[in-house]
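Okay, input.cif now, which holds mmCIF, C-alpha atoms:
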data_coords
loop_
_atom_site.group_PDB
_atom_site.id
_atom_site.type_symbol
_atom_site.label_atom_id
_atom_site.label_comp_id
_atom_site.auth_asym_id
_atom_site.auth_seq_id
_atom_site.Cartn_x
_atom_site.Cartn_y
_atom_site.Cartn_z
ATOM 1 C CA MET A 11 42.396 89.312 87.985
ATOM 2 C CA ALA A 12 43.759 91.388 85.067
ATOM 3 C CA LEU A 13 44.155 89.578 81.771
ATOM 4 C CA SER A 14 47.914 90.203 81.738
ATOM 5 C CA THR A 15 48.200 88.647 85.211
ATOM 6 C CA ARG A 16 46.075 85.692 84.158
ATOM 7 C CA LEU A 17 48.265 85.236 81.074
ATOM 8 C CA ALA A 18 51.451 85.334 83.140
ATOM 9 C CA ALA A 19 49.971 82.887 85.641
ATOM 10 C CA SER A 20 49.117 80.425 82.893
ATOM 11 C CA LEU A 21 52.506 80.768 81.216
ATOM 12 C CA ARG A 22 54.685 80.254 84.285
ATOM 13 C CA PRO A 23 53.792 76.572 84.867
ATOM 14 C CA ALA A 24 53.885 75.923 81.128
ATOM 15 C CA LEU A 25 57.397 77.310 80.789
ATOM 16 C CA ALA A 26 58.539 75.570 83.971
ATOM 17 C CA ALA A 27 57.286 72.255 82.616
ATOM 18 C CA LEU A 28 59.071 72.920 79.353
ATOM 19 C CA ARG A 29 62.346 73.451 81.207
ATOM 20 C CA ARG A 30 61.854 70.120 83.003
ATOM 21 C CA ALA A 31 60.584 68.072 80.101
ATOM 22 C CA ALA A 32 62.188 69.478 76.951
ATOM 23 C CA PRO A 33 65.255 67.850 75.438
ATOM 24 C CA ARG A 34 68.454 69.353 76.719
ATOM 25 C CA HIS A 35 69.055 71.458 73.610
ATOM 26 C CA CYS A 36 65.577 73.021 73.930
ATOM 27 C CA ARG A 37 65.952 74.182 77.531
ATOM 28 C CA GLY A 38 66.710 77.614 78.856
ATOM 29 C CA LEU A 39 63.559 79.752 78.728
ATOM 30 C CA SER A 40 64.746 81.972 81.529
ATOM 31 C CA THR A 41 68.147 80.732 82.680
ATOM 32 C CA PRO A 42 70.791 79.294 80.352
ATOM 33 C CA GLN A 43 71.443 75.613 80.927
ATOM 34 C CA GLY A 44 74.728 73.769 80.532
ATOM 35 C CA SER A 45 75.390 73.127 76.858
ATOM 36 C CA GLU A 46 78.141 72.459 74.379
ATOM 37 C CA LEU A 47 76.889 75.488 72.444
ATOM 38 C CA SER A 48 79.016 78.604 72.782
ATOM 39 C CA PHE A 49 75.866 80.770 72.802
ATOM 40 C CA ASN A 50 72.657 79.074 73.879
ATOM 41 C CA LEU A 51 69.487 80.272 72.126
ATOM 42 C CA GLY A 52 67.322 77.513 73.563
ATOM 43 C CA GLY A 53 63.955 78.907 74.625
ATOM 44 C CA ILE A 54 61.171 81.298 73.676
ATOM 45 C CA PHE A 55 61.683 84.871 72.445
ATOM 46 C CA PRO A 56 58.515 86.967 72.037
ATOM 47 C CA PRO A 57 58.873 89.556 69.265
ATOM 48 C CA LEU A 58 58.072 93.018 70.573
ATOM 49 C CA ALA A 59 55.562 95.292 68.912
ATOM 50 C CA THR A 60 56.762 98.890 68.698
ATOM 51 C CA PRO A 61 54.205 101.126 70.444
ATOM 52 C CA PHE A 62 53.261 104.400 68.815
ATOM 53 C CA SER A 63 51.439 107.428 70.182
ATOM 54 C CA PRO A 64 48.277 108.761 68.513
ATOM 55 C CA THR A 65 50.595 111.047 66.491
ATOM 56 C CA GLN A 66 52.610 107.985 65.374
ATOM 57 C CA GLU A 67 55.731 108.789 67.371
ATOM 58 C CA VAL A 68 57.455 105.915 69.173
ATOM 59 C CA ASP A 69 55.971 105.806 72.678
ATOM 60 C CA TYR A 70 58.868 104.796 74.912
ATOM 61 C CA GLY A 71 56.801 105.058 78.089
ATOM 62 C CA GLN A 72 54.323 102.482 76.803
ATOM 63 C CA LEU A 73 57.215 100.310 75.597
ATOM 64 C CA GLU A 74 58.668 100.306 79.117
ATOM 65 C CA GLY A 75 55.246 99.430 80.527
ATOM 66 C CA ASN A 76 54.939 96.441 78.215
ATOM 67 C CA LEU A 77 58.449 95.329 79.139
ATOM 68 C CA ARG A 78 57.564 95.338 82.839
ATOM 69 C CA ARG A 79 54.718 92.940 82.063
ATOM 70 C CA TYR A 80 56.951 90.689 79.952
ATOM 71 C CA ALA A 81 59.406 90.527 82.868
ATOM 72 C CA ARG A 82 56.808 88.588 84.889
ATOM 73 C CA ILE A 83 57.028 85.656 82.454
ATOM 74 C CA PRO A 84 60.221 83.551 82.345
ATOM 75 C CA PHE A 85 60.993 83.903 78.654
ATOM 76 C CA ARG A 86 64.569 83.327 77.462
ATOM 77 C CA GLY A 87 64.666 86.804 76.005
ATOM 78 C CA LEU A 88 62.978 89.215 73.614
ATOM 79 C CA VAL A 89 63.260 90.231 69.981
ATOM 80 C CA ALA A 90 63.209 93.941 69.166
ATOM 81 C CA LEU A 91 62.727 95.237 65.630
ATOM 82 C CA GLY A 92 61.537 92.058 63.990
ATOM 83 C CA SER A 93 58.604 91.955 61.592
ATOM 84 C CA ASN A 94 56.142 92.560 64.443
ATOM 85 C CA GLY A 95 58.127 95.634 65.475
ATOM 86 C CA GLU A 96 57.279 97.500 62.244
ATOM 87 C CA TYR A 97 61.017 97.620 61.629
ATOM 88 C CA PRO A 98 60.806 98.905 58.015
ATOM 89 C CA TYR A 99 58.802 101.930 59.177
ATOM 90 C CA LEU A 100 61.368 103.139 61.716
ATOM 91 C CA ALA A 101 64.170 105.584 61.038
ATOM 92 C CA SER A 102 67.685 104.391 61.877
ATOM 93 C CA ARG A 103 67.766 106.704 64.906
ATOM 94 C CA GLU A 104 64.491 105.257 66.183
ATOM 95 C CA ARG A 105 65.727 101.698 65.713
ATOM 96 C CA VAL A 106 68.755 102.327 67.902
ATOM 97 C CA GLU A 107 66.707 104.188 70.534
ATOM 98 C CA VAL A 108 64.182 101.345 70.746
ATOM 99 C CA VAL A 109 66.935 98.802 71.373
ATOM 100 C CA SER A 110 68.554 101.057 73.991
ATOM 101 C CA CYS A 111 65.200 101.395 75.762
ATOM 102 C CA VAL A 112 64.603 97.644 75.735
ATOM 103 C CA ARG A 113 68.079 96.900 77.025
ATOM 104 C CA ARG A 114 67.702 99.298 79.943
ATOM 105 C CA ALA A 115 64.424 97.680 80.987
ATOM 106 C CA LEU A 116 65.300 94.056 80.302
ATOM 107 C CA PRO A 117 66.910 91.987 83.087
ATOM 108 C CA ARG A 118 70.515 91.177 82.275
ATOM 109 C CA ASP A 119 69.833 87.435 82.319
ATOM 110 C CA ARG A 120 67.417 87.841 79.376
ATOM 111 C CA LEU A 121 68.855 87.879 75.878
ATOM 112 C CA LEU A 122 68.038 90.727 73.522
ATOM 113 C CA LEU A 123 67.902 89.918 69.816
ATOM 114 C CA ALA A 124 67.716 93.019 67.624
ATOM 115 C CA GLY A 125 66.817 93.306 63.958
ATOM 116 C CA SER A 126 69.584 94.959 61.925
ATOM 117 C CA GLY A 127 69.093 93.732 58.372
ATOM 118 C CA CYS A 128 69.191 96.347 55.605
ATOM 119 C CA GLU A 129 69.216 96.105 51.836
ATOM 120 C CA SER A 130 72.950 96.719 51.420
ATOM 121 C CA THR A 131 75.736 94.849 53.153
ATOM 122 C CA GLN A 132 77.408 98.099 54.230
ATOM 123 C CA ALA A 133 74.239 99.488 55.816
ATOM 124 C CA THR A 134 73.593 96.169 57.564
ATOM 125 C CA ILE A 135 77.081 96.161 59.062
ATOM 126 C CA GLU A 136 76.752 99.766 60.235
ATOM 127 C CA LEU A 137 73.388 99.165 61.877
ATOM 128 C CA THR A 138 74.553 95.886 63.427
ATOM 129 C CA VAL A 139 77.466 97.698 65.077
ATOM 130 C CA SER A 140 75.035 100.338 66.350
ATOM 131 C CA MET A 141 72.747 97.638 67.770
ATOM 132 C CA ALA A 142 75.669 96.089 69.613
ATOM 133 C CA GLU A 143 76.579 99.488 71.061
ATOM 134 C CA ALA A 144 72.944 99.950 72.126
ATOM 135 C CA GLY A 145 73.055 96.714 74.125
ATOM 136 C CA ALA A 146 71.833 93.953 71.816
ATOM 137 C CA ASP A 147 73.246 90.496 72.535
ATOM 138 C CA VAL A 148 72.505 89.086 69.081
ATOM 139 C CA ALA A 149 71.824 90.629 65.670
ATOM 140 C CA LEU A 150 68.833 89.249 63.753
ATOM 141 C CA VAL A 151 69.553 89.854 60.071
ATOM 142 C CA VAL A 152 66.737 89.488 57.560
ATOM 143 C CA THR A 153 67.473 88.615 53.942
ATOM 144 C CA PRO A 154 67.879 91.606 51.607
ATOM 145 C CA CYS A 155 65.071 91.359 49.073
ATOM 146 C CA TYR A 156 64.458 94.522 47.058
ATOM 147 C CA TYR A 157 66.541 93.084 44.214
ATOM 148 C CA ARG A 158 65.422 89.562 44.989
ATOM 149 C CA GLY A 159 66.133 88.322 41.469
ATOM 150 C CA ALA A 160 69.822 89.019 42.099
ATOM 151 C CA MET A 161 69.842 87.414 45.536
ATOM 152 C CA THR A 162 71.465 84.179 44.446
ATOM 153 C CA THR A 163 72.879 81.660 46.885
ATOM 154 C CA ALA A 164 76.360 83.028 46.246
ATOM 155 C CA ALA A 165 75.249 86.637 46.770
ATOM 156 C CA LEU A 166 73.535 85.812 50.054
ATOM 157 C CA ILE A 167 76.498 83.783 51.326
ATOM 158 C CA HIS A 168 78.771 86.728 50.543
ATOM 159 C CA HIS A 169 76.404 89.202 52.238
ATOM 160 C CA TYR A 170 76.046 87.246 55.449
ATOM 161 C CA THR A 171 79.729 86.312 55.578
ATOM 162 C CA GLU A 172 80.689 89.990 55.419
ATOM 163 C CA VAL A 173 78.159 90.818 58.145
ATOM 164 C CA GLY A 174 79.337 87.924 60.321
ATOM 165 C CA ASP A 175 82.962 88.963 59.919
ATOM 166 C CA ALA A 176 82.278 92.566 60.894
ATOM 167 C CA SER A 177 79.675 92.112 63.624
ATOM 168 C CA PRO A 178 80.849 92.525 67.228
ATOM 169 C CA ILE A 179 77.952 90.297 68.385
ATOM 170 C CA PRO A 180 76.686 86.910 67.165
ATOM 171 C CA VAL A 181 74.426 86.886 64.118
ATOM 172 C CA VAL A 182 71.181 84.964 63.566
ATOM 173 C CA LEU A 183 69.932 84.603 60.000
ATOM 174 C CA TYR A 184 66.289 85.550 59.413
ATOM 175 C CA SER A 185 64.221 83.988 56.646
ATOM 176 C CA VAL A 186 60.655 85.331 56.381
ATOM 177 C CA PRO A 187 59.440 84.599 52.832
ATOM 178 C CA ALA A 188 55.906 85.887 53.500
ATOM 179 C CA ASN A 189 57.372 89.400 53.803
ATOM 180 C CA THR A 190 60.430 89.225 51.559
ATOM 181 C CA GLY A 191 59.330 86.800 48.843
ATOM 182 C CA LEU A 192 62.670 85.098 49.378
ATOM 183 C CA ASP A 193 63.485 81.849 51.184
ATOM 184 C CA LEU A 194 67.092 81.707 52.336
ATOM 185 C CA PRO A 195 68.392 78.745 50.289
ATOM 186 C CA MET A 196 69.300 75.588 52.164
ATOM 187 C CA GLU A 197 72.768 75.561 50.595
ATOM 188 C CA ALA A 198 73.381 79.061 51.935
ATOM 189 C CA VAL A 199 72.209 78.091 55.433
ATOM 190 C CA ILE A 200 74.484 75.044 55.523
ATOM 191 C CA THR A 201 77.479 77.073 54.350
ATOM 192 C CA LEU A 202 76.839 79.992 56.702
ATOM 193 C CA ALA A 203 76.368 77.651 59.677
ATOM 194 C CA GLN A 204 80.117 77.041 59.496
ATOM 195 C CA HIS A 205 80.872 80.718 60.194
ATOM 196 C CA PRO A 206 82.034 81.123 63.813
ATOM 197 C CA ASN A 207 79.932 84.261 64.372
ATOM 198 C CA ILE A 208 76.709 83.017 62.735
ATOM 199 C CA ILE A 209 74.959 80.998 65.418
ATOM 200 C CA GLY A 210 71.512 80.231 64.111
ATOM 201 C CA ILE A 211 68.495 80.971 61.958
ATOM 202 C CA LYS A 212 64.969 82.150 62.643
ATOM 203 C CA ASP A 213 62.893 80.402 59.972
ATOM 204 C CA SER A 214 59.364 81.752 59.548
ATOM 205 C CA GLY A 215 58.470 79.789 56.438
ATOM 206 C CA GLY A 216 56.671 77.010 58.312
ATOM 207 C CA ASP A 217 58.140 74.144 56.275
ATOM 208 C CA ILE A 218 58.842 71.550 58.975
ATOM 209 C CA THR A 219 60.686 69.245 56.569
ATOM 210 C CA ARG A 220 63.035 72.101 55.677
ATOM 211 C CA MET A 221 63.579 72.934 59.350
ATOM 212 C CA GLY A 222 64.346 69.324 60.176
ATOM 213 C CA LEU A 223 66.824 69.159 57.316
ATOM 214 C CA MET A 224 68.514 72.332 58.579
ATOM 215 C CA VAL A 225 68.917 70.793 62.020
ATOM 216 C CA HIS A 226 70.276 67.585 60.486
ATOM 217 C CA LYS A 227 72.675 69.240 58.039
ATOM 218 C CA THR A 228 74.103 71.652 60.626
ATOM 219 C CA ARG A 229 74.291 69.208 63.536
ATOM 220 C CA GLN A 230 78.093 69.296 63.579
ATOM 221 C CA GLU A 231 78.158 73.077 63.785
ATOM 222 C CA ASP A 232 77.595 75.566 66.612
ATOM 223 C CA PHE A 233 74.250 76.475 65.028
ATOM 224 C CA GLN A 234 70.644 76.545 66.241
ATOM 225 C CA VAL A 235 67.274 76.658 64.484
ATOM 226 C CA LEU A 236 64.424 78.780 65.858
ATOM 227 C CA ALA A 237 60.801 78.471 64.764
ATOM 228 C CA GLY A 238 59.421 81.781 63.573
ATOM 229 C CA SER A 239 55.802 81.232 64.582
ATOM 230 C CA ALA A 240 53.721 79.659 67.329
ATOM 231 C CA GLY A 241 51.640 77.924 64.676
ATOM 232 C CA PHE A 242 54.372 75.334 64.106
ATOM 233 C CA LEU A 243 56.327 75.600 67.355
ATOM 234 C CA LEU A 244 55.526 72.113 68.647
ATOM 235 C CA ALA A 245 56.260 70.511 65.292
ATOM 236 C CA SER A 246 59.586 72.338 65.114
ATOM 237 C CA TYR A 247 60.606 70.958 68.498
ATOM 238 C CA THR A 248 59.969 67.428 67.265
ATOM 239 C CA VAL A 249 62.545 67.879 64.480
ATOM 240 C CA GLY A 250 65.159 69.390 66.780
ATOM 241 C CA ALA A 251 64.607 73.158 66.842
ATOM 242 C CA SER A 252 66.080 74.950 69.847
ATOM 243 C CA GLY A 253 63.194 77.308 70.464
ATOM 244 C CA GLY A 254 61.020 79.911 68.849
ATOM 245 C CA VAL A 255 60.369 83.569 68.174
ATOM 246 C CA CYS A 256 56.613 83.555 68.526
ATOM 247 C CA ALA A 257 54.050 86.228 69.301
ATOM 248 C CA LEU A 258 51.804 83.531 70.808
ATOM 249 C CA ALA A 259 54.521 81.379 72.297
ATOM 250 C CA ASN A 260 54.039 78.766 74.989
ATOM 251 C CA VAL A 261 54.101 75.007 74.650
ATOM 252 C CA LEU A 262 54.798 72.007 76.887
ATOM 253 C CA ALA A 263 57.374 69.979 75.019
ATOM 254 C CA GLY A 264 57.652 66.461 76.359
ATOM 255 C CA GLN A 265 54.129 66.568 77.885
ATOM 256 C CA TRP A 266 52.705 65.520 74.578
ATOM 257 C CA GLN A 267 48.950 65.358 75.123
ATOM 258 C CA GLU A 268 48.900 68.683 76.927
ATOM 259 C CA ALA A 269 51.305 70.144 74.382
ATOM 260 C CA ARG A 270 49.150 69.006 71.463
ATOM 261 C CA ASP A 271 46.038 70.477 73.036
ATOM 262 C CA LEU A 272 47.804 73.768 73.665
ATOM 263 C CA GLN A 273 49.247 73.842 70.151
ATOM 264 C CA HIS A 274 45.761 73.340 68.726
ATOM 265 C CA ARG A 275 44.509 76.327 70.734
ATOM 266 C CA LEU A 276 47.341 78.460 69.369
ATOM 267 C CA ILE A 277 46.867 77.772 65.666
ATOM 268 C CA GLU A 278 43.819 79.937 64.915
ATOM 269 C CA PRO A 279 44.828 82.932 67.081
ATOM 270 C CA ASN A 280 48.347 82.760 65.637
ATOM 271 C CA THR A 281 46.994 82.781 62.092
ATOM 272 C CA ALA A 282 44.748 85.700 63.003
ATOM 273 C CA VAL A 283 47.631 87.918 64.192
ATOM 274 C CA THR A 284 49.984 86.908 61.378
ATOM 275 C CA ARG A 285 48.535 86.064 57.977
ATOM 276 C CA ARG A 286 44.923 87.162 58.575
ATOM 277 C CA PHE A 287 45.123 90.542 60.328
ATOM 278 C CA GLY A 288 48.871 91.072 60.746
ATOM 279 C CA ILE A 289 50.354 93.655 63.082
ATOM 280 C CA PRO A 290 47.088 95.635 63.498
ATOM 281 C CA GLY A 291 45.514 92.392 64.738
ATOM 282 C CA LEU A 292 48.428 91.674 67.058
ATOM 283 C CA LYS A 293 48.266 95.142 68.588
ATOM 284 C CA LYS A 294 44.521 94.903 69.129
ATOM 285 C CA ALA A 295 44.897 91.513 70.841
ATOM 286 C CA MET A 296 47.662 92.867 73.081
ATOM 287 C CA GLU A 297 45.201 95.351 74.547
ATOM 288 C CA TRP A 298 42.876 92.538 75.614
ATOM 289 C CA PHE A 299 45.703 91.034 77.676
ATOM 290 C CA GLY A 300 46.673 94.222 79.480
ATOM 291 C CA TYR A 301 49.489 95.352 77.178
ATOM 292 C CA TYR A 302 49.650 98.560 75.194
ATOM 293 C CA GLY A 303 49.029 97.887 71.516
ATOM 294 C CA GLY A 304 48.066 101.263 70.151
ATOM 295 C CA PRO A 305 48.091 102.351 66.520
ATOM 296 C CA CYS A 306 50.354 101.112 63.776
ATOM 297 C CA ARG A 307 52.446 103.516 61.755
ATOM 298 C CA ALA A 308 50.939 104.418 58.368
ATOM 299 C CA PRO A 309 50.381 103.035 55.821
ATOM 300 C CA LEU A 310 49.290 100.118 58.038
ATOM 301 C CA ALA A 311 45.608 100.690 58.767
ATOM 302 C CA PRO A 312 43.634 99.822 61.927
ATOM 303 C CA LEU A 313 41.140 96.976 61.937
ATOM 304 C CA SER A 314 37.535 97.680 61.085
ATOM 305 C CA PRO A 315 34.883 96.999 63.764
ATOM 306 C CA ALA A 316 33.908 93.808 61.920
ATOM 307 C CA GLN A 317 37.525 92.637 61.866
ATOM 308 C CA VAL A 318 37.904 93.384 65.576
ATOM 309 C CA GLU A 319 34.848 91.257 66.297
ATOM 310 C CA GLU A 320 36.172 88.401 64.152
ATOM 311 C CA LEU A 321 39.514 88.572 65.945
ATOM 312 C CA ARG A 322 37.863 88.565 69.373
ATOM 313 C CA SER A 323 35.737 85.582 68.389
ATOM 314 C CA THR A 324 38.855 83.678 67.323
ATOM 315 C CA PHE A 325 40.512 84.207 70.694
ATOM 316 C CA SER A 326 37.321 83.458 72.615
ATOM 317 C CA ALA A 327 36.587 80.245 70.711
ATOM 318 C CA ASN A 328 40.027 78.924 71.645
ATOM 319 C CA GLY A 329 39.686 79.738 75.342
ATOM 320 C CA TRP A 330 41.982 82.755 75.538
ATOM 321 C CA LEU A 331 39.281 85.316 76.360
#
Show how you would write the structure in this file as C-alpha cells.
Amino acid sequence: MALSTRLAASLRPALAALRRAAPRHCRGLSTPQGSELSFNLGGIFPPLATPFSPTQEVDYGQLEGNLRRYARIPFRGLVALGSNGEYPYLASRERVEVVSCVRRALPRDRLLLAGSGCESTQATIELTVSMAEAGADVALVVTPCYYRGAMTTAALIHHYTEVGDASPIPVVLYSVPANTGLDLPMEAVITLAQHPNIIGIKDSGGDITRMGLMVHKTRQEDFQVLAGSAGFLLASYTVGASGGVCALANVLAGQWQEARDLQHRLIEPNTAVTRRFGIPGLKKAMEWFGYYGGPCRAPLAPLSPAQVEELRSTFSANGWL
C-alpha cells in the first residue's frame, strides 16, 4: 500500500472520531456543523507547500496532484500561501495563480484560506481583493513586520481594521513570531475580534496560556482561535481553540489517552519540519508519503544527506515510516 494511501487510511478514522468526540465548537473537519458562528472555522486546515520545478518555476501540475491526494482525507479545508507555501518568495501574479489553481481542484465544501498579508495596508487590501476574486473563502493576513519597531498596538489595529473594512471575504489574523519577530498584541486581538469581518486568528506562537486567554477574552464575539502547529494542537483544544492549521495535523480530541499518545508521536516530527529543518524538511517528508515535495525556491537550500537521514530517523522513531 502506498504511503499516501496508508496515511489517508490512518487519518480517516482519526478525523471521524474527532467529529464525534470533539466539543461542538471544535467540530467540522469536512462538513460544517450547526453553530452560532456566522462562519465556522472548526476543524483542521493543512498548509500547502508550493511545488516548484527543477528550474524553480511553480509546478501547477504537481500542485494539482497533491490536491487530489489531500481530497482523500476529510479535512475542513486547506491553507494556500502560508509560511509553508514560501509565500514571500512568490510574485503577486504567482500568488493569485496558485490560489486559482487550488480553488479549481478543491471540492466546494472545503474552505480555502489564502495568505494575503503584505507590508503596507494598501498592498494588503489589493491582494486580499485579488484572492477573493481567485476563489479564496477567507483571507489569512500576517502581521506586517519590516518596520516592526513601529508596529505598535494602535498601528496594527488600524492596519487590520482597514483591511477588514475593505475585504470582500472574512479575515483571519495571523501571528507567527518565529518568522516576523512580532507577536500580535493581546489588546489588538481583543479589539479586532469585535470587527464584523475579522473572524479569527491563527496563532503560531505556541503559548497555550495566551491562546486560552484569547478564547476567554473574545468569547462574546464571533471569533475563533486556530492553533498554528501540530506540536500544541491537543493543548490548544483543551483551552477552547476551534481547530488548527498544522502540517502534521490529526488528533482525537475527547479520546484522551489515544489523543495524548498521538500528540506525543507528532511532537518530534513537527519540530523537525518547522524549527529544525523548516520547509526543506517538510518537502522532503512529503515525498516519503507519496506527495510531491520538490525543491524550495532559492535562497532556501536543500537538506544535506546527513540532515535527510536525521529527518527520516525522527519519523521512523515515532512510527510514521
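Distances here use only C-alpha atoms; by that measure, the residue among A:Gln273, A:Ser323, A:Ser102, A:Gln317 closest to Glu136 in chain A is A:Ser102.
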Tell me, counting only C-alpha atoms, for each residue of range 99-153 of chain A within 9 Å of range 71-85 of chain A, which pair of atoms is nearest and how far apart they are in Å to one decimal, in rows ordered by chain and increasing number, as CSV.
residue,atom,partner,partner_atom,distance
A:Val108,CA,A:Leu73,CA,8.6
A:Cys111,CA,A:Glu74,CA,7.4
A:Val112,CA,A:Glu74,CA,7.3
A:Ala115,CA,A:Glu74,CA,6.6
A:Leu116,CA,A:Leu77,CA,7.1
A:Pro117,CA,A:Ala81,CA,7.6
A:Arg120,CA,A:Phe85,CA,7.6
With C-alpha atoms retained, write the just-selected residues as a PDB file, in the frame of the given file.
ATOM      1  CA  VAL A 108      64.182 101.345  70.746  1.00  0.00           C
ATOM      2  CA  CYS A 111      65.200 101.395  75.762  1.00  0.00           C
ATOM      3  CA  VAL A 112      64.603  97.644  75.735  1.00  0.00           C
ATOM      4  CA  ALA A 115      64.424  97.680  80.987  1.00  0.00           C
ATOM      5  CA  LEU A 116      65.300  94.056  80.302  1.00  0.00           C
ATOM      6  CA  PRO A 117      66.910  91.987  83.087  1.00  0.00           C
ATOM      7  CA  ARG A 120      67.417  87.841  79.376  1.00  0.00           C
TER       8      ARG A 120
END
(request) Determine the residue set returned by the PyMOL selection byres ((chain A and resi 329) around 12) for the present structure, and present it as number ranges by chain. (result) A: 17, 271-272, 274-276, 278-279, 322-328, 330-331
(message) Residues within 10 Å of Ser214 in chain A, please, as a list in words. Count all atoms listed in the file; anything in the same chain fewer than 3 positions from it doesn't count.
(response)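 The filter keeps Tyr184, Ser185, Val186, Pro187, Ala188, Asn189, Asp193, Ile211, Asp217, Met221, Leu236, Ala237, Gly238, Ser239, Ala240, Phe242, Gly254, Val255 and Cys256 of chain A.
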(request) Grab the CA of Pro64 in chain A to CA of Gly304 in chain A distance for me, in Å with one decimal place. (result) 7.7 Å
(message) I need the output of the PyMOL selection byres ((chain A and resi 140) around 12) for this file as a ChimeraX atom specification; which residues are they?
(response) /A:102-110,124-127,133-139,141-149,176-179
(request) Rank A:Tyr156, A:Phe233, A:Phe287, A:Tyr97 by their smallest atom-to-atom distance to Ala311 in chain A, using only C-alpha atoms, and report the top residue only. (result) A:Phe287
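The smallest atom-to-atom distance between Arg270 in chain A and any of A:Thr153, A:Ser48, A:Thr248, A:Thr65, using only C-alpha atoms, is found for A:Thr248.
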(message) With the PyMOL selection byres ((chain A and resi 307) around 8) as the selection, what would be picked from this file? Answer as a PyMOL selection string, please.
(response) chain A and resi 62+66+96+99+305-306+308-311
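CA of Ile289 in chain A lies 6.0 Å from CA of Asn94 in chain A.
With distances restricted to all atoms listed in the file, A:Gln132 is the closest residue to Val173 in chain A from A:Thr201, A:Gln132, A:Thr284, A:Thr190.
Between Gly159 in chain A and the residues A:Ala251, A:Met224, A:Leu192, A:Val199, the shortest atom-to-atom distance, using only C-alpha atoms, involves A:Leu192.
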(message) If I take CA of His168 in chain A and CA of Ala203 in chain A, how far is one from the other in Å, to one decimal?
(response)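 CA of Ala203 in chain A lies at a distance of 13.1 Å from CA of His168 in chain A.
Checking A:Ala316, A:Ile218, A:Cys128, A:Leu292 one by one against Ala245 in chain A, counting only C-alpha atoms, you find the shortest gap at A:Ile218.
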